[in-house]
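Pasting upload-v1.cif here (mmCIF, C-alpha atoms):
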data_entry
#
loop_
_atom_site.label_atom_id
_atom_site.label_comp_id
_atom_site.auth_asym_id
_atom_site.auth_seq_id
_atom_site.Cartn_x
_atom_site.Cartn_y
_atom_site.Cartn_z
CA MET A 331 0.00 0.00 0.00
CA GLU A 332 1.38 3.40 -0.99
CA HIS A 333 2.41 5.44 2.06
CA ILE A 334 1.77 9.20 1.98
CA VAL A 335 3.57 11.18 4.66
CA ILE A 336 2.63 14.80 5.36
CA ILE A 337 4.93 17.00 7.46
CA GLY A 338 2.78 19.62 9.16
CA ASN A 339 -0.70 19.40 10.64
CA GLY A 340 -1.92 22.90 9.81
CA ILE A 341 -4.78 23.68 7.47
CA SER A 342 -2.77 22.69 4.36
CA GLY A 343 -1.52 19.34 5.63
CA VAL A 344 -4.81 18.33 7.24
CA THR A 345 -6.83 19.28 4.16
CA ALA A 346 -4.49 17.19 2.00
CA ALA A 347 -4.86 14.22 4.36
CA ARG A 348 -8.65 14.47 4.48
CA HIS A 349 -9.02 14.67 0.71
CA ILE A 350 -6.53 11.87 0.02
CA ARG A 351 -8.59 9.73 2.37
CA LYS A 352 -11.82 10.67 0.56
CA LEU A 353 -10.25 9.67 -2.75
CA SER A 354 -8.25 6.56 -1.78
CA ASP A 355 -7.28 3.86 0.70
CA LYS A 356 -3.63 4.94 0.78
CA LYS A 357 -1.76 4.82 4.07
CA ILE A 358 -1.51 8.36 5.48
CA THR A 359 0.77 9.62 8.26
CA LEU A 360 0.50 13.19 9.50
CA VAL A 361 3.63 14.45 11.30
CA SER A 362 3.73 17.45 13.63
CA ALA A 363 6.17 18.76 16.23
CA GLU A 364 3.76 21.45 17.45
CA THR A 365 0.57 19.76 18.68
CA ASP A 366 -1.01 16.31 18.81
CA TYR A 367 -4.11 17.46 16.93
CA PHE A 368 -5.00 20.01 14.29
CA PHE A 369 -6.31 23.36 15.57
CA SER A 370 -7.40 26.66 14.08
CA ARG A 371 -4.32 28.88 14.28
CA THR A 372 -6.29 32.08 13.70
CA ALA A 373 -8.32 31.36 16.86
CA LEU A 374 -5.33 31.47 19.25
CA MET A 375 -5.95 35.13 19.99
CA TYR A 376 -9.51 34.39 21.11
CA VAL A 377 -8.27 31.75 23.55
CA PHE A 378 -6.03 34.34 25.22
CA MET A 379 -8.87 36.88 25.24
CA GLY A 380 -11.16 34.41 27.01
CA HIS A 381 -13.69 33.96 24.20
CA MET A 382 -13.02 30.23 23.90
CA LYS A 383 -10.92 27.39 25.28
CA PHE A 384 -8.12 25.78 23.31
CA GLU A 385 -10.11 22.59 22.76
CA HIS A 386 -12.74 24.71 21.03
CA THR A 387 -10.16 25.53 18.33
CA GLN A 388 -9.98 21.85 17.27
CA PRO A 389 -12.46 21.31 14.40
CA TYR A 390 -12.38 17.51 14.76
CA GLU A 391 -12.89 15.23 17.72
CA ASN A 392 -9.83 13.22 18.75
CA TRP A 393 -11.43 10.00 17.49
CA PHE A 394 -11.75 11.46 13.97
CA TRP A 395 -8.21 10.55 12.97
CA GLU A 396 -8.35 6.87 13.88
CA LYS A 397 -11.81 6.49 12.36
CA ASN A 398 -10.52 7.91 9.06
CA LYS A 399 -7.29 5.89 9.21
CA ILE A 400 -5.00 8.90 9.38
CA GLU A 401 -2.03 8.08 11.59
CA LEU A 402 -0.67 10.92 13.74
CA LYS A 403 3.00 11.12 14.69
CA LYS A 404 4.42 13.69 17.08
CA GLY A 405 8.01 14.51 16.27
CA PHE A 406 10.47 16.98 14.77
CA VAL A 407 11.93 16.09 11.36
CA HIS A 408 15.51 17.30 11.05
CA THR A 409 16.52 15.63 7.75
CA ILE A 410 14.85 14.32 4.59
CA GLU A 411 16.85 11.68 2.73
CA THR A 412 15.31 11.91 -0.73
CA LYS A 413 17.30 9.12 -2.39
CA HIS A 414 15.86 6.40 -0.13
CA ASN A 415 12.63 8.20 0.91
CA ILE A 416 13.43 8.41 4.64
CA LEU A 417 12.62 11.03 7.27
CA TYR A 418 15.01 11.35 10.21
CA PHE A 419 13.67 12.69 13.51
CA ASP A 420 15.65 14.51 16.18
CA ASN A 421 15.02 11.65 18.65
CA GLY A 422 16.74 9.14 16.34
CA GLU A 423 13.58 7.62 14.85
CA THR A 424 13.05 7.23 11.10
CA LEU A 425 10.01 7.00 8.84
CA LYS A 426 9.78 5.67 5.28
CA TYR A 427 7.48 7.23 2.71
CA ASP A 428 6.46 6.66 -0.89
CA LYS A 429 5.24 10.21 -1.46
CA LEU A 430 5.93 13.20 0.76
CA ILE A 431 4.02 16.45 1.22
CA ILE A 432 5.86 19.30 2.95
CA ALA A 433 3.34 21.56 4.73
CA THR A 434 5.46 23.04 7.51
CA GLY A 435 4.00 26.55 7.39
CA SER A 436 5.79 29.65 8.63
CA LYS A 437 7.96 30.87 11.48
CA PRO A 438 8.27 34.41 12.88
CA ASN A 439 11.02 36.53 11.40
CA LYS A 440 14.05 37.47 13.44
CA PHE A 441 16.62 39.92 12.16
CA GLY A 442 19.60 39.29 14.40
CA TRP A 443 18.72 41.78 17.11
CA PRO A 444 20.96 41.46 20.17
CA GLY A 445 18.93 39.70 22.85
CA GLN A 446 16.28 38.31 20.51
CA ASP A 447 16.44 34.86 22.14
CA LEU A 448 15.98 36.03 25.72
CA LYS A 449 13.19 34.71 27.93
CA GLY A 450 10.01 36.69 27.41
CA VAL A 451 10.77 37.37 23.74
CA LEU A 452 8.20 35.54 21.63
CA GLY A 453 6.25 35.46 18.40
CA MET A 454 2.54 34.84 18.01
CA TYR A 455 2.19 31.98 15.57
CA HIS A 456 2.45 28.61 17.35
CA LYS A 457 0.57 27.10 20.28
CA GLN A 458 3.84 27.31 22.22
CA ASP A 459 3.73 31.10 21.73
CA LEU A 460 0.32 31.19 23.40
CA GLU A 461 1.71 29.19 26.32
CA SER A 462 4.68 31.57 26.62
CA LEU A 463 2.33 34.53 26.56
CA GLU A 464 0.43 33.08 29.50
CA THR A 465 3.75 32.77 31.36
CA TYR A 466 5.18 36.22 30.67
CA ALA A 467 2.02 38.33 30.24
CA PRO A 468 -0.85 36.73 32.17
CA ASN A 469 -1.93 40.09 33.60
CA ASN A 470 -0.76 43.66 34.15
CA LYS A 471 0.88 42.82 37.48
CA VAL A 472 3.31 40.29 36.03
CA CYS A 473 3.66 42.30 32.81
CA GLN A 474 3.61 46.01 33.53
CA ARG A 475 4.40 46.84 29.90
CA ALA A 476 4.77 44.89 26.68
CA VAL A 477 6.54 45.99 23.51
CA ILE A 478 5.59 44.74 20.06
CA VAL A 479 7.92 45.03 17.06
CA GLY A 480 6.37 44.83 13.61
CA GLY A 481 3.28 46.38 12.10
CA GLY A 482 1.49 43.58 10.28
CA LEU A 483 -1.65 41.60 11.01
CA ILE A 484 -0.04 39.45 13.70
CA GLY A 485 1.30 42.54 15.45
CA ILE A 486 -2.07 44.22 15.75
CA GLU A 487 -3.67 40.94 16.88
CA LEU A 488 -1.09 40.64 19.66
CA ALA A 489 -1.68 44.27 20.63
CA GLU A 490 -5.41 43.61 20.92
CA MET A 491 -4.78 40.47 22.97
CA LEU A 492 -2.59 42.28 25.51
CA HIS A 493 -4.94 45.26 25.56
CA SER A 494 -7.81 42.92 26.49
CA ARG A 495 -5.96 42.15 29.75
CA HIS A 496 -5.23 45.83 30.40
CA ILE A 497 -1.50 45.44 29.77
CA PRO A 498 0.09 48.70 28.51
CA VAL A 499 1.53 48.22 25.02
CA THR A 500 4.15 50.10 23.05
CA PHE A 501 3.92 49.25 19.35
CA LEU A 502 7.07 49.82 17.25
CA VAL A 503 6.39 50.13 13.51
CA ARG A 504 9.29 50.87 11.18
CA GLU A 505 7.02 52.24 8.43
CA ALA A 506 5.74 55.83 8.42
CA SER A 507 2.16 54.54 8.68
CA PHE A 508 0.68 51.20 9.75
CA TRP A 509 0.91 48.47 7.07
CA ASN A 510 1.40 51.07 4.34
CA GLY A 511 3.24 48.56 2.19
CA VAL A 512 -0.12 46.85 1.68
CA LEU A 513 -2.78 49.48 2.38
CA PRO A 514 -3.26 52.80 0.59
CA GLN A 515 -2.56 55.83 2.77
CA GLU A 516 -6.25 56.49 3.52
CA GLU A 517 -6.90 53.04 5.01
CA SER A 518 -3.54 53.04 6.79
CA ALA A 519 -4.47 56.34 8.45
CA ILE A 520 -7.75 54.82 9.70
CA ILE A 521 -5.82 52.00 11.38
CA ASN A 522 -3.34 54.45 12.94
CA ARG A 523 -6.26 56.28 14.54
CA GLU A 524 -7.91 53.03 15.68
CA ILE A 525 -4.73 51.83 17.41
CA LEU A 526 -4.21 55.17 19.16
CA SER A 527 -7.87 55.43 20.19
CA ASN A 528 -7.44 52.16 22.12
CA GLY A 529 -4.71 53.69 24.27
CA ILE A 530 -1.83 51.87 22.58
CA ASP A 531 1.48 53.71 22.35
CA LEU A 532 2.02 53.57 18.58
CA ARG A 533 5.53 54.57 17.47
CA LEU A 534 5.75 55.00 13.69
CA SER A 535 9.06 55.22 11.77
CA THR A 536 10.69 53.50 14.74
CA ASN A 537 13.17 50.62 14.72
CA LEU A 538 14.38 48.24 17.39
CA LYS A 539 18.11 48.40 18.07
CA GLU A 540 18.70 46.06 21.02
CA ILE A 541 16.94 43.93 23.62
CA ILE A 542 18.32 44.24 27.16
CA SER A 543 18.42 41.34 29.62
CA ASP A 544 17.88 41.32 33.35
CA GLU A 545 19.99 39.26 35.78
CA ILE A 546 18.06 36.00 35.05
CA GLY A 547 18.13 36.20 31.25
CA GLN A 548 14.69 37.70 30.73
CA VAL A 549 13.93 40.80 28.69
CA LYS A 550 13.80 43.93 30.85
CA SER A 551 13.87 46.69 28.19
CA VAL A 552 14.46 47.61 24.56
CA ILE A 553 16.56 50.33 22.96
CA ILE A 554 15.15 52.45 20.11
CA GLU A 555 17.54 52.79 17.19
CA GLU A 556 16.68 56.35 16.16
CA THR A 557 16.80 58.04 19.58
CA GLY A 558 18.54 55.62 21.93
CA GLU A 559 15.49 55.71 24.22
CA GLU A 560 15.17 52.78 26.61
CA ILE A 561 11.65 51.38 27.07
CA HIS A 562 11.21 49.06 30.04
CA CYS A 563 9.05 45.99 29.43
CA ASN A 564 8.43 42.48 30.77
CA MET A 565 7.59 40.93 27.42
CA LEU A 566 8.57 41.56 23.81
CA GLY A 567 6.52 40.36 20.83
CA LEU A 568 8.42 39.91 17.56
CA THR A 569 5.79 40.17 14.83
CA ALA A 570 7.82 41.54 11.92
CA GLY A 571 6.28 39.11 9.45
CA VAL A 572 6.83 35.41 8.88
CA SER A 573 8.95 33.30 6.54
CA PRO A 574 8.71 29.68 5.34
CA ASN A 575 9.64 27.12 8.00
CA ILE A 576 12.06 25.10 5.89
CA ASN A 577 15.48 25.28 7.57
CA PHE A 578 15.47 21.50 8.02
CA ILE A 579 15.61 20.91 4.26
CA ARG A 580 18.13 23.58 3.24
CA ASP A 581 20.89 20.96 2.88
CA SER A 582 18.73 18.43 1.00
CA GLU A 583 18.35 17.97 -2.75
CA ILE A 584 14.94 19.68 -2.65
CA GLU A 585 15.12 23.01 -4.47
CA THR A 586 14.43 26.03 -2.27
CA GLY A 587 14.36 29.80 -2.55
CA LYS A 588 12.64 31.65 0.24
CA GLY A 589 10.34 28.65 0.34
CA VAL A 590 10.17 25.18 -1.25
CA LYS A 591 10.09 25.75 -4.99
CA VAL A 592 7.04 24.24 -6.72
CA ASN A 593 5.41 24.31 -10.13
CA ARG A 594 1.74 24.96 -10.86
CA PHE A 595 0.98 21.36 -9.76
CA LEU A 596 2.70 21.95 -6.40
CA GLU A 597 5.43 19.48 -7.38
CA THR A 598 9.03 20.02 -6.30
CA ASN A 599 12.12 19.08 -8.30
CA ILE A 600 11.95 15.63 -6.62
CA SER A 601 9.31 13.57 -8.40
CA ASN A 602 7.59 12.16 -5.32
CA ILE A 603 7.76 15.27 -3.10
CA TYR A 604 5.24 18.14 -3.00
CA ALA A 605 4.98 21.37 -1.00
CA ILE A 606 1.85 23.28 -0.02
CA GLY A 607 0.75 26.19 2.13
CA ASP A 608 2.92 28.94 3.61
CA CYS A 609 6.16 27.10 2.90
CA ALA A 610 5.52 26.64 -0.86
CA GLU A 611 7.00 29.12 -3.34
CA GLN A 612 5.83 29.24 -6.95
CA HIS A 613 8.67 29.34 -9.49
CA VAL A 614 6.67 31.99 -11.34
CA ALA A 615 4.02 34.01 -9.52
CA ILE A 616 0.40 33.36 -10.55
CA GLY A 617 -0.83 36.63 -12.09
CA SER A 618 -0.47 39.48 -9.61
CA ARG A 619 -0.28 37.13 -6.62
CA ARG A 620 2.91 36.73 -4.61
CA PRO A 621 5.02 33.57 -5.10
CA ILE A 622 4.48 32.77 -1.37
CA GLU A 623 1.08 33.37 0.20
CA ALA A 624 0.75 32.86 3.96
CA VAL A 625 -3.05 32.85 3.84
CA TRP A 626 -5.46 30.33 5.37
CA TYR A 627 -7.70 29.78 2.38
CA THR A 628 -4.90 29.34 -0.16
CA GLY A 629 -3.37 26.70 2.11
CA ARG A 630 -6.69 24.85 2.13
CA MET A 631 -6.97 25.10 -1.66
CA MET A 632 -3.44 23.75 -2.10
CA GLY A 633 -4.29 20.79 0.15
CA GLU A 634 -7.34 19.96 -1.97
CA THR A 635 -5.34 20.34 -5.19
CA VAL A 636 -2.36 18.18 -4.22
CA ALA A 637 -4.69 15.41 -3.00
CA GLN A 638 -6.17 15.16 -6.49
CA THR A 639 -2.70 14.88 -8.05
CA ILE A 640 -1.51 12.24 -5.58
CA CYS A 641 -4.66 10.22 -6.23
CA GLY A 642 -4.16 10.11 -10.00
CA ASN A 643 -5.95 13.27 -11.19
CA ARG A 644 -3.03 15.62 -11.82
CA LEU A 645 -4.53 19.03 -11.12
CA GLU A 646 -3.13 22.53 -11.57
CA TYR A 647 -3.36 24.90 -8.63
CA LYS A 648 -5.69 27.79 -9.53
CA PRO A 649 -6.36 30.09 -6.58
CA GLY A 650 -8.76 32.38 -8.46
CA HIS A 651 -9.27 36.03 -7.61
CA TRP A 652 -7.39 37.40 -4.63
CA PHE A 653 -9.36 38.07 -1.47
CA ASN A 654 -8.60 38.36 2.21
CA SER A 655 -10.11 39.59 5.45
CA ALA A 656 -8.88 40.69 8.86
CA LYS A 657 -9.90 42.68 11.91
CA PHE A 658 -8.04 45.72 13.18
CA MET A 659 -9.27 46.10 16.76
CA ASP A 660 -12.95 46.95 16.16
CA ILE A 661 -12.69 47.57 12.41
CA GLU A 662 -13.36 44.71 10.02
CA TYR A 663 -11.40 44.68 6.75
CA GLN A 664 -12.06 42.86 3.51
CA THR A 665 -10.34 43.06 0.16
CA TYR A 666 -11.36 41.57 -3.19
CA GLY A 667 -9.23 41.84 -6.32
CA TRP A 668 -6.39 44.35 -6.17
CA VAL A 669 -6.11 47.71 -4.45
CA TRP A 670 -2.37 48.20 -4.16
CA ALA A 671 -0.75 50.59 -1.71
CA GLN A 672 0.27 52.74 -4.67
CA PRO A 673 -1.89 52.97 -7.82
CA LYS A 674 -0.55 51.42 -11.00
CA GLU A 675 -0.17 53.55 -14.11
CA HIS A 676 -3.39 52.22 -15.68
CA GLU A 677 -5.50 52.66 -12.54
CA LYS A 678 -7.93 55.21 -11.24
CA ARG A 679 -9.22 55.21 -7.66
CA PHE A 680 -12.48 56.08 -5.95
CA TYR A 681 -12.50 56.58 -2.18
CA TRP A 682 -15.40 57.12 0.22
CA GLU A 683 -15.05 57.49 3.96
CA HIS A 684 -17.82 57.76 6.53
CA LYS A 685 -17.78 60.81 8.80
CA SER A 686 -17.06 58.51 11.78
CA GLY A 687 -13.64 57.75 10.32
CA LYS A 688 -14.20 54.02 10.92
CA LYS A 689 -15.83 53.00 7.63
CA CYS A 690 -14.61 53.36 4.08
CA ILE A 691 -14.47 51.75 0.68
CA HIS A 692 -11.63 52.14 -1.81
CA ILE A 693 -12.19 50.97 -5.39
CA SER A 694 -9.57 50.50 -8.07
CA TYR A 695 -10.57 50.48 -11.74
CA ASP A 696 -9.00 50.85 -15.18
CA LYS A 697 -8.88 54.52 -16.09
CA ASN A 698 -9.47 53.79 -19.80
CA THR A 699 -11.98 50.91 -19.83
CA HIS A 700 -13.43 51.48 -16.33
CA GLU A 701 -13.08 47.74 -15.66
CA PHE A 702 -13.40 46.98 -11.94
CA ILE A 703 -10.02 45.82 -10.53
CA GLY A 704 -10.60 45.58 -6.79
CA ILE A 705 -12.08 46.97 -3.58
CA ASN A 706 -11.06 47.47 0.04
CA THR A 707 -13.87 47.72 2.56
CA PHE A 708 -13.46 48.88 6.16
CA GLY A 709 -16.33 48.56 8.62
CA ILE A 710 -18.85 47.41 5.98
CA ARG A 711 -19.26 43.70 5.33
CA MET A 712 -19.34 42.81 1.64
CA ARG A 713 -20.11 39.51 -0.08
CA HIS A 714 -17.24 37.55 -1.57
CA ASP A 715 -19.55 35.93 -4.13
CA PHE A 716 -20.63 39.32 -5.52
CA PHE A 717 -17.14 40.66 -6.14
CA ASP A 718 -15.89 37.32 -7.42
CA ARG A 719 -18.58 37.54 -10.13
CA MET A 720 -17.77 41.18 -10.87
CA LEU A 721 -14.10 40.34 -11.36
CA SER A 722 -14.78 37.22 -13.46
CA LYS A 723 -17.22 39.07 -15.73
CA LYS A 724 -14.90 42.09 -15.97
CA GLN A 725 -17.72 44.46 -15.04
CA THR A 726 -17.22 48.23 -14.98
CA ILE A 727 -17.07 50.32 -11.84
CA GLU A 728 -20.38 51.87 -12.89
CA TYR A 729 -22.04 48.45 -12.93
CA VAL A 730 -20.49 47.49 -9.59
CA LEU A 731 -21.69 50.69 -7.91
CA ALA A 732 -25.16 50.42 -9.44
CA HIS A 733 -25.52 46.95 -7.90
CA LEU A 734 -23.68 47.68 -4.65
CA CYS A 735 -26.78 46.86 -2.60
CA ASP A 736 -26.37 43.21 -3.63
CA ALA A 737 -22.86 43.21 -2.15
CA ASN A 738 -23.79 44.42 1.34
CA PHE A 739 -23.64 41.70 3.99
CA ASP A 740 -24.20 43.73 7.13
CA PRO A 741 -26.78 42.35 9.57
CA GLU A 742 -30.35 43.59 9.66
CA PHE A 743 -30.85 47.09 11.10
CA TYR A 744 -27.30 48.18 10.24
CA LYS A 745 -27.28 51.55 8.51
CA LEU A 746 -26.71 51.31 4.76
CA HIS A 747 -24.39 53.71 2.96
CA GLU A 748 -24.73 52.73 -0.71
CA GLN A 749 -26.74 55.81 -1.68
CA GLU A 750 -24.14 58.11 -0.18
CA ILE A 751 -21.29 56.18 -1.83
CA VAL A 752 -22.86 56.28 -5.29
CA GLY A 753 -23.77 59.94 -4.83
CA LYS A 754 -20.14 60.84 -4.11
CA PHE A 755 -18.94 58.96 -7.20
CA ASN A 756 -21.57 60.70 -9.37
CA TYR A 757 -20.52 64.10 -8.01
CA GLU A 758 -16.78 63.54 -8.50
CA ASN A 759 -17.10 62.03 -11.97
CA SER A 760 -20.12 63.91 -13.40
CA THR A 761 -22.01 60.65 -13.87
CA SER A 762 -25.58 59.64 -13.09
CA ILE A 763 -25.39 56.06 -11.83
CA HIS A 764 -28.75 54.87 -10.56
CA LEU A 765 -28.52 52.58 -7.53
CA LYS A 766 -30.48 49.38 -8.25
CA LYS A 767 -32.68 47.93 -5.54
CA ARG A 768 -31.35 44.94 -3.68
CA SER A 769 -31.93 41.64 -5.52
CA TRP A 770 -33.27 39.46 -2.70
CA LYS A 771 -33.69 36.53 -5.08
CA ARG A 772 -29.98 36.51 -5.86
CA ILE A 773 -28.99 36.98 -2.22
CA PHE A 774 -31.10 34.08 -0.99
CA LYS A 775 -29.95 31.88 -3.88
CA THR A 776 -26.25 32.41 -3.14
CA ASN A 777 -26.60 31.93 0.60
#
For this file, write the structure as structure tokens.
Amino acid sequence: MEHIVIIGNGISGVTAARHIRKLSDKKITLVSAETDYFFSRTALMYVFMGHMKFEHTQPYENWFWEKNKIELKKGFVHTIETKHNILYFDNGETLKYDKLIIATGSKPNKFGWPGQDLKGVLGMYHKQDLESLETYAPNNKVCQRAVIVGGGLIGIELAEMLHSRHIPVTFLVREASFWNGVLPQEESAIINREILSNGIDLRLSTNLKEIISDEIGQVKSVIIEETGEEIHCNMLGLTAGVSPNINFIRDSEIETGKGVKVNRFLETNISNIYAIGDCAEQHVAIGSRRPIEAVWYTGRMMGETVAQTICGNRLEYKPGHWFNSAKFMDIEYQTYGWVWAQPKEHEKRFYWEHKSGKKCIHISYDKNTHEFIGINTFGIRMRHDFFDRMLSKKQTIEYVLAHLCDANFDPEFYKLHEQEIVGKFNYENSTSIHLKKRSWKRIFKTN
């Protein structure tokens, strides 16, 4: 019986295992050094904030794996011997495979800061990070101040987590505005205000120089590069992005760049080895997408795709139109298609912001053809299905705005803003778009 081994029990690896099992009777072994069972990584913050327990983050009961004949092995792989198809573990054990899927995800970036390995210095990616957080920042008596370095999604999540326990937070962001490498300046400014309004000490254009230790090897302060200021803290969160967790295969025959190099079928240069999820790097980027995408839903799609290939239906990975969502404190964010931080030469932009300063939409479209390219929405929930259709059908911005009521996904009794949005576009562009009434038939059909 063919033996499929999957290294990594995150969303990519587990999805691959589940779909291989649906399609075949192959032997499947799922290897993880992090946890015994699969859990929802994005829910870790809600465990710390008291909204759920860790066991609530596990989508499957513990008996699920045995029932579906998926063997689980806890262990850390330190070497892959590709010639003889053997995994070597750090405890001396070995495991043979016929086909191997690498799904080892990401690890927090470190940039060689002095003191970066001290006690109390942690990331916020693994379950072990959550456990460390409970040790070093359980409350504002043990942790009188925390410092966070890095202004991405993980950084703001960690800030919200600490803020929920009334721990003072200083947030060091090297950019001039929060996440302005991804967000246009208008949206970035909204997030700056949201962070500050929550009492968080946001330091923009600020870099970490050094981490200072106390007498027992725990962080006691940090030094700011630009000013030399010392900020005392009991915990330091390093959230300056993530990178593929592939150090254990750097010396193998598997081709790597920043991640494990794969083709459109998620195949590596070794015929029986595949890579999926955060650790996989496309040789050539797919359209405007990045070669590496550390996103939950693309990891799931890769798992589904590689399962088809392994089970005899060689399938190309096609992620479709880009979308993503996040939450910045109390502001929900969604993006569909492309709204880059800086407009491209062929683009024109339309921006509307609510007087509260907590809601906005930002639409990108072709300045010649008016084809809809993408939208950012802050504080207004919009339907993925609607914008996916608009992008696939290459509709114009005028059509999108005329049918914007069909996109709104806010709960009943929420105030609607479509009329105001369309009115602003008409005024700025001397147009007369008529807002169509909401198509309830379409909404109920797609939901």
| task | Convert the output of the PyMOL selection byres ((chain A and resi 526) around 12) on the shown file into explicit residues, formatted as a list in words. | result |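 Given this file, the PyMOL selection byres ((chain A and resi 526) around 12) evaluates to Ile486, Ala489, Glu490, His493, Val499, Thr500, Phe501, Phe508, Ala519, Ile520, Ile521, Asn522, Arg523, Glu524, Ile525, Ser527, Asn528, Gly529, Ile530, Asp531, Leu532, Arg533, Leu534, Phe658 and Met659 of chain A.
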Output C-alpha atoms of each residue in that selection to a file, as a PDB file, in the frame of the given file.
ATOM      1  CA  ILE A 486      -2.070  44.220  15.750  1.00  0.00           C
ATOM      2  CA  ALA A 489      -1.680  44.270  20.630  1.00  0.00           C
ATOM      3  CA  GLU A 490      -5.410  43.610  20.920  1.00  0.00           C
ATOM      4  CA  HIS A 493      -4.940  45.260  25.560  1.00  0.00           C
ATOM      5  CA  VAL A 499       1.530  48.220  25.020  1.00  0.00           C
ATOM      6  CA  THR A 500       4.150  50.100  23.050  1.00  0.00           C
ATOM      7  CA  PHE A 501       3.920  49.250  19.350  1.00  0.00           C
ATOM      8  CA  PHE A 508       0.680  51.200   9.750  1.00  0.00           C
ATOM      9  CA  ALA A 519      -4.470  56.340   8.450  1.00  0.00           C
ATOM     10  CA  ILE A 520      -7.750  54.820   9.700  1.00  0.00           C
ATOM     11  CA  ILE A 521      -5.820  52.000  11.380  1.00  0.00           C
ATOM     12  CA  ASN A 522      -3.340  54.450  12.940  1.00  0.00           C
ATOM     13  CA  ARG A 523      -6.260  56.280  14.540  1.00  0.00           C
ATOM     14  CA  GLU A 524      -7.910  53.030  15.680  1.00  0.00           C
ATOM     15  CA  ILE A 525      -4.730  51.830  17.410  1.00  0.00           C
ATOM     16  CA  SER A 527      -7.870  55.430  20.190  1.00  0.00           C
ATOM     17  CA  ASN A 528      -7.440  52.160  22.120  1.00  0.00           C
ATOM     18  CA  GLY A 529      -4.710  53.690  24.270  1.00  0.00           C
ATOM     19  CA  ILE A 530      -1.830  51.870  22.580  1.00  0.00           C
ATOM     20  CA  ASP A 531       1.480  53.710  22.350  1.00  0.00           C
ATOM     21  CA  LEU A 532       2.020  53.570  18.580  1.00  0.00           C
ATOM     22  CA  ARG A 533       5.530  54.570  17.470  1.00  0.00           C
ATOM     23  CA  LEU A 534       5.750  55.000  13.690  1.00  0.00           C
ATOM     24  CA  PHE A 658      -8.040  45.720  13.180  1.00  0.00           C
ATOM     25  CA  MET A 659      -9.270  46.100  16.760  1.00  0.00           C
TER      26      MET A 659
END
| request: Measuring atom to atom with all atoms listed in the file, identify which of A:Ile546, A:Ala624, A:Leu765, A:Met379 is nearest to Ser494 of chain A. | output: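 Of all the options, A:Met379 lies closest to Ser494 of chain A.
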| query | By how many Å are atom CA of Asp715 of chain A and atom CA of His747 of chain A apart? | reply |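 Atom-to-atom, atom CA of Asp715 of chain A and atom CA of His747 of chain A are spaced 19.7 Å apart.
Residues selected in this file by the PyMOL selection byres ((chain A and resi 669-676) around 9) comprise A:Asn510, A:Gly511, A:Val512, A:Leu513, A:Pro514, A:Gln515, A:Thr665, A:Tyr666, A:Gly667, A:Trp668, A:Glu677, A:Lys678, A:Arg679, A:His692, A:Ile693, A:Ser694, A:Tyr695, A:Asp696, A:Lys697, A:Asn698, A:Ile703, A:Gly704, A:Ile705, A:Asn706.
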| message | the PyMOL selection byres ((chain A and resi 409) around 12) - which residues does that actually catch in the file I just gave you? List them as a count of residues only. | response | 27
| request: Name the residues in contact with segment 602-606 of chain A at a cut-off of 8 Å, using all atoms listed in the file, excluding same-chain residues fewer than 3 positions from it; report them as a list in words. | output: Ser342, Gly343, Asp428, Lys429, Leu430, Ile431, Ile432, Ala433, Val590, Lys591, Val592, Leu596, Glu597, Thr598, Asn599, Cys609, Ala610, Gly629, Met632, Gly633 and Val636 of chain A
| said: Given all atoms listed in the file as the basis, pick out the residue of A:His700, A:His684, A:Lys657, A:Lys550 nearest to Leu483 of chain A. | reply: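 Using all atoms listed in the file, the shortest distance to Leu483 of chain A belongs to A:Lys657.
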| request: Would you work out the distance separating atom CA of Glu623 of chain A from atom CA of Gly589 of chain A, expressed in Å to one decimal? | output: 10.4 Å
| field | Selected residue, from A:Tyr681, A:Ser686, A:Arg620, A:Leu746, that lies nearest to Glu758 of chain A when counting only C-alpha atoms | value |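 With only C-alpha atoms as the atom set, the closest residue is A:Tyr681.
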Sel. within 9 Å of pt (-5.5, 43.4, 30.4), counting all atoms listed in the file, output as a PDB file with C-alpha atoms, keeping the file's coordinate frame:
ATOM      1  CA  MET A 379      -8.870  36.880  25.240  1.00  0.00           C
ATOM      2  CA  PRO A 468      -0.850  36.730  32.170  1.00  0.00           C
ATOM      3  CA  ASN A 469      -1.930  40.090  33.600  1.00  0.00           C
ATOM      4  CA  ASN A 470      -0.760  43.660  34.150  1.00  0.00           C
ATOM      5  CA  MET A 491      -4.780  40.470  22.970  1.00  0.00           C
ATOM      6  CA  LEU A 492      -2.590  42.280  25.510  1.00  0.00           C
ATOM      7  CA  HIS A 493      -4.940  45.260  25.560  1.00  0.00           C
ATOM      8  CA  SER A 494      -7.810  42.920  26.490  1.00  0.00           C
ATOM      9  CA  ARG A 495      -5.960  42.150  29.750  1.00  0.00           C
ATOM     10  CA  HIS A 496      -5.230  45.830  30.400  1.00  0.00           C
ATOM     11  CA  ILE A 497      -1.500  45.440  29.770  1.00  0.00           C
ATOM     12  CA  PRO A 498       0.090  48.700  28.510  1.00  0.00           C
TER      13      PRO A 498
END
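Here atom CA of Leu360 of chain A is placed at a distance of 17.9 Å from atom CA of Thr639 of chain A.
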| message | Let me make sure I understand: among A:His764, A:His714, A:Arg594, A:Lys357, which one has the smallest atom-to-atom distance to His651 of chain A if we use all atoms listed in the file? | response |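 Closest candidate: A:His714.
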| said: Give me the residues near Leu568 of chain A as a PyMOL selection string, where near means some atom within 7 Å (using only C-alpha atoms) and where sequence neighbours in that chain fewer than 4 positions away do not count. | reply: chain A and resi 452-453+478-480
